[in-house]
Amino acid sequence: STDGVEWARHSQIGTGSTMDGPQELTSVSGQLIAAGWRDGTALVWVHEGEGVWTEVEVGAGVIDRLVFFGGNYIALGRSFFQPGPGQTPGDNHPMMWSSWDGYTWSETVGAGDFESIAWMRGLVVGPAGLLAIAIADDFPVNSISAVLTSTNGIDWVSNQPTGLDDYWQVARFTGNASGYAAHAYTDGGYDSPILVSSDGVNWRAIGSPDVPDGVLPNWGGISMLGDLIVVSGSIPVNDEYLPRVWAYRGAGLWDVLGTGDWYSEPGNALRMVSGNGRIVVRAQTGGPVQDPWAIFTFVPSSD
């Protein structure tokens, strides 16, 4: 899609029915690269044109995030799959790889480089360069242990953050040239404010979208369009969850972004991407169980 409204099928990567496969997709000057894993091996897929993808083995592990920064592709992953119920995390530690062309990859962070960290939550680009939030290796309770920053994707500095002490976890965060924004959770989940930071280290809360008292929203994603912060999710109404997208207007004020019949249909607004002056939201809507997928595009107004 060139406008987020009209969509055409592009291509398919793989044919398997397994959940293993591409998890991320990035485009740099028209070059598409996807990243993910299969059977414990980190993989990328490079689009060669005409719907043809070349699979490239990166190394042992999995890839969760892929960004382009400083002339290189930077992949963030882990050395072990996410543990299920009754399992332990084992050798679950963050790993990173870099590549200038998408075909040749070098390991820049190994499983033993951050032994006290179980996860790096997300990977975004902002004023401080690359930013990841570290989760301590104290399974089964996650806790924020550090903010990691890098100006080249290879050398990382561990920073002790301020303003995050009261939160159990930063579930989602985003960044751009204007700064960073994050969605944090307290242990109970009801107090889930949006946090902002200009440097990725020092954070402050700006509140959260208005929801009825005692309601636990199902938060979806967070994105930024310039200095506009947008949050997606759903709220329970009469035993059904209804999708919502909120925009932060400053001074603690939030508006529901956009209008339409889909706001009154059961569903959930999930991950978002921004660009070309608009926000594109991946959502489910229209059914209580097998919700069909949908894409909604918002063009925020200046007022």
# chains A, B, ... in the order shown; residues from 1 in each chain; ligands from 1

$ residues_around --residues "range 162-167 of chain A" --least-positions-apart "4" --cutoff "7 Å" --atoms "only C-alpha atoms" --output "PDB file with N, CA and C atoms, in the first residue's frame"
ATOM      1  N   ALA A 184       3.624   1.376  30.380  1.00  0.00           N
ATOM      2  CA  ALA A 184       4.139   0.632  31.526  1.00  0.00           C
ATOM      3  C   ALA A 184       3.007  -0.017  32.310  1.00  0.00           C
ATOM      4  N   TYR A 185       3.362  -1.039  33.072  1.00  0.00           N
ATOM      5  CA  TYR A 185       2.407  -1.738  33.922  1.00  0.00           C
ATOM      6  C   TYR A 185       2.889  -1.734  35.364  1.00  0.00           C
ATOM      7  N   THR A 186       1.960  -1.505  36.276  1.00  0.00           N
ATOM      8  CA  THR A 186       2.218  -1.836  37.666  1.00  0.00           C
ATOM      9  C   THR A 186       1.857  -3.302  37.851  1.00  0.00           C
ATOM     10  N   VAL A 201      16.342   7.510  29.102  1.00  0.00           N
ATOM     11  CA  VAL A 201      16.809   7.129  30.441  1.00  0.00           C
ATOM     12  C   VAL A 201      15.922   7.729  31.523  1.00  0.00           C
ATOM     13  N   ASN A 202      15.579   8.992  31.392  1.00  0.00           N
ATOM     14  CA  ASN A 202      14.758   9.688  32.380  1.00  0.00           C
ATOM     15  C   ASN A 202      13.316   9.775  31.865  1.00  0.00           C
ATOM     16  N   TRP A 203      12.394   9.172  32.624  1.00  0.00           N
ATOM     17  CA  TRP A 203      11.020   9.030  32.180  1.00  0.00           C
ATOM     18  C   TRP A 203      10.062   9.742  33.123  1.00  0.00           C
ATOM     19  N   ARG A 204       8.914  10.189  32.565  1.00  0.00           N
ATOM     20  CA  ARG A 204       7.852  10.767  33.382  1.00  0.00           C
ATOM     21  C   ARG A 204       6.505  10.312  32.830  1.00  0.00           C
TER      22      ARG A 204
END

$ residues_around --residues "Gly226 in chain A" --least-positions-apart "4" --cutoff "9 Å" --atoms "only C-alpha atoms" --output "PyMOL selection string"
chain A and resi 176-178+277

$ write_last_selection --atoms "all heavy atoms" --output "PDB file, in the first residue's frame"
ATOM      1  N   ASN A 176      10.991   8.143  18.036  1.00  0.00           N
ATOM      2  CA  ASN A 176      11.337   8.811  16.783  1.00  0.00           C
ATOM      3  C   ASN A 176      12.195  10.018  17.134  1.00  0.00           C
ATOM      4  O   ASN A 176      12.680  10.132  18.266  1.00  0.00           O
ATOM      5  CB  ASN A 176      10.087   9.181  15.970  1.00  0.00           C
ATOM      6  CG  ASN A 176       9.173  10.165  16.686  1.00  0.00           C
ATOM      7  OD1 ASN A 176       9.573  10.832  17.643  1.00  0.00           O
ATOM      8  ND2 ASN A 176       7.946  10.274  16.223  1.00  0.00           N
ATOM      9  N   ALA A 177      12.387  10.930  16.203  1.00  0.00           N
ATOM     10  CA  ALA A 177      13.255  12.076  16.453  1.00  0.00           C
ATOM     11  C   ALA A 177      12.740  12.972  17.568  1.00  0.00           C
ATOM     12  O   ALA A 177      13.503  13.751  18.155  1.00  0.00           O
ATOM     13  CB  ALA A 177      13.422  12.886  15.159  1.00  0.00           C
ATOM     14  N   SER A 178      11.435  12.886  17.889  1.00  0.00           N
ATOM     15  CA  SER A 178      10.846  13.724  18.941  1.00  0.00           C
ATOM     16  C   SER A 178      11.106  13.195  20.340  1.00  0.00           C
ATOM     17  O   SER A 178      10.986  13.938  21.316  1.00  0.00           O
ATOM     18  CB  SER A 178       9.334  13.849  18.715  1.00  0.00           C
ATOM     19  OG  SER A 178       9.052  14.471  17.482  1.00  0.00           O
ATOM     20  N   GLY A 277       2.566  10.732   7.308  1.00  0.00           N
ATOM     21  CA  GLY A 277       1.517  11.556   7.888  1.00  0.00           C
ATOM     22  C   GLY A 277       0.289  10.804   8.345  1.00  0.00           C
ATOM     23  O   GLY A 277      -0.785  11.401   8.483  1.00  0.00           O
TER      24      GLY A 277
END

$ atom_distance --atom1 "CA of Val67 in chain A" --atom2 "CA of Asn276 in chain A"
17.9 Å

$ select_by_dssp --residues "range 52-267 of chain A" --states "helix (DSSP H, G or I)" --output "ChimeraX atom specification"
/A:261-264

$ residues_around --residues "range 146-148 of chain A" --least-positions-apart "5" --cutoff "12 Å" --atoms "only C-alpha atoms" --output "JSON, numbers by chain"
{"A": [94, 114, 116, 117, 118, 119, 120, 121, 122, 123, 124, 125, 128, 129, 130, 131, 132, 133, 134, 135, 136, 137, 153, 154, 155, 156, 157, 158, 159, 160, 161, 162, 163, 164, 165, 169, 170, 197, 199, 200, 201, 202, 203]}

$ residues_around --residues "range 56-61 of chain A" --least-positions-apart "4" --cutoff "10 Å" --atoms "only C-alpha atoms" --output "PyMOL selection string"
chain A and resi 35-46+75+77-81+92-99+102-107+111

$ residues_around --residues "Leu25 in chain A" --least-positions-apart "2" --cutoff "7 Å" --atoms "only C-alpha atoms" --output "ChimeraX atom specification"
/A:27,33-35

$ atom_distance --atom1 "CA of Ile222 in chain A" --atom2 "CA of Val245 in chain A"
9.5 Å

$ closest_residue --among "A:Ala294, A:Leu76, A:Leu66, A:Ile13" --to "Thr54 in chain A" --atoms "only C-alpha atoms"
A:Ile13

$ closest_residue --among "A:Gly126, A:Gly175, A:Gly70, A:Pro217" --to "Val230 in chain A" --atoms "only C-alpha atoms"
A:Gly175

$ atom_distance --atom1 "CA of Ile144 in chain A" --atom2 "CA of Ile206 in chain A"
19.2 Å

$ closest_residue --among "A:Phe296, A:Trp254, A:Tyr263, A:Trp100" --to "Ile235 in chain A" --atoms "only C-alpha atoms"
A:Tyr263
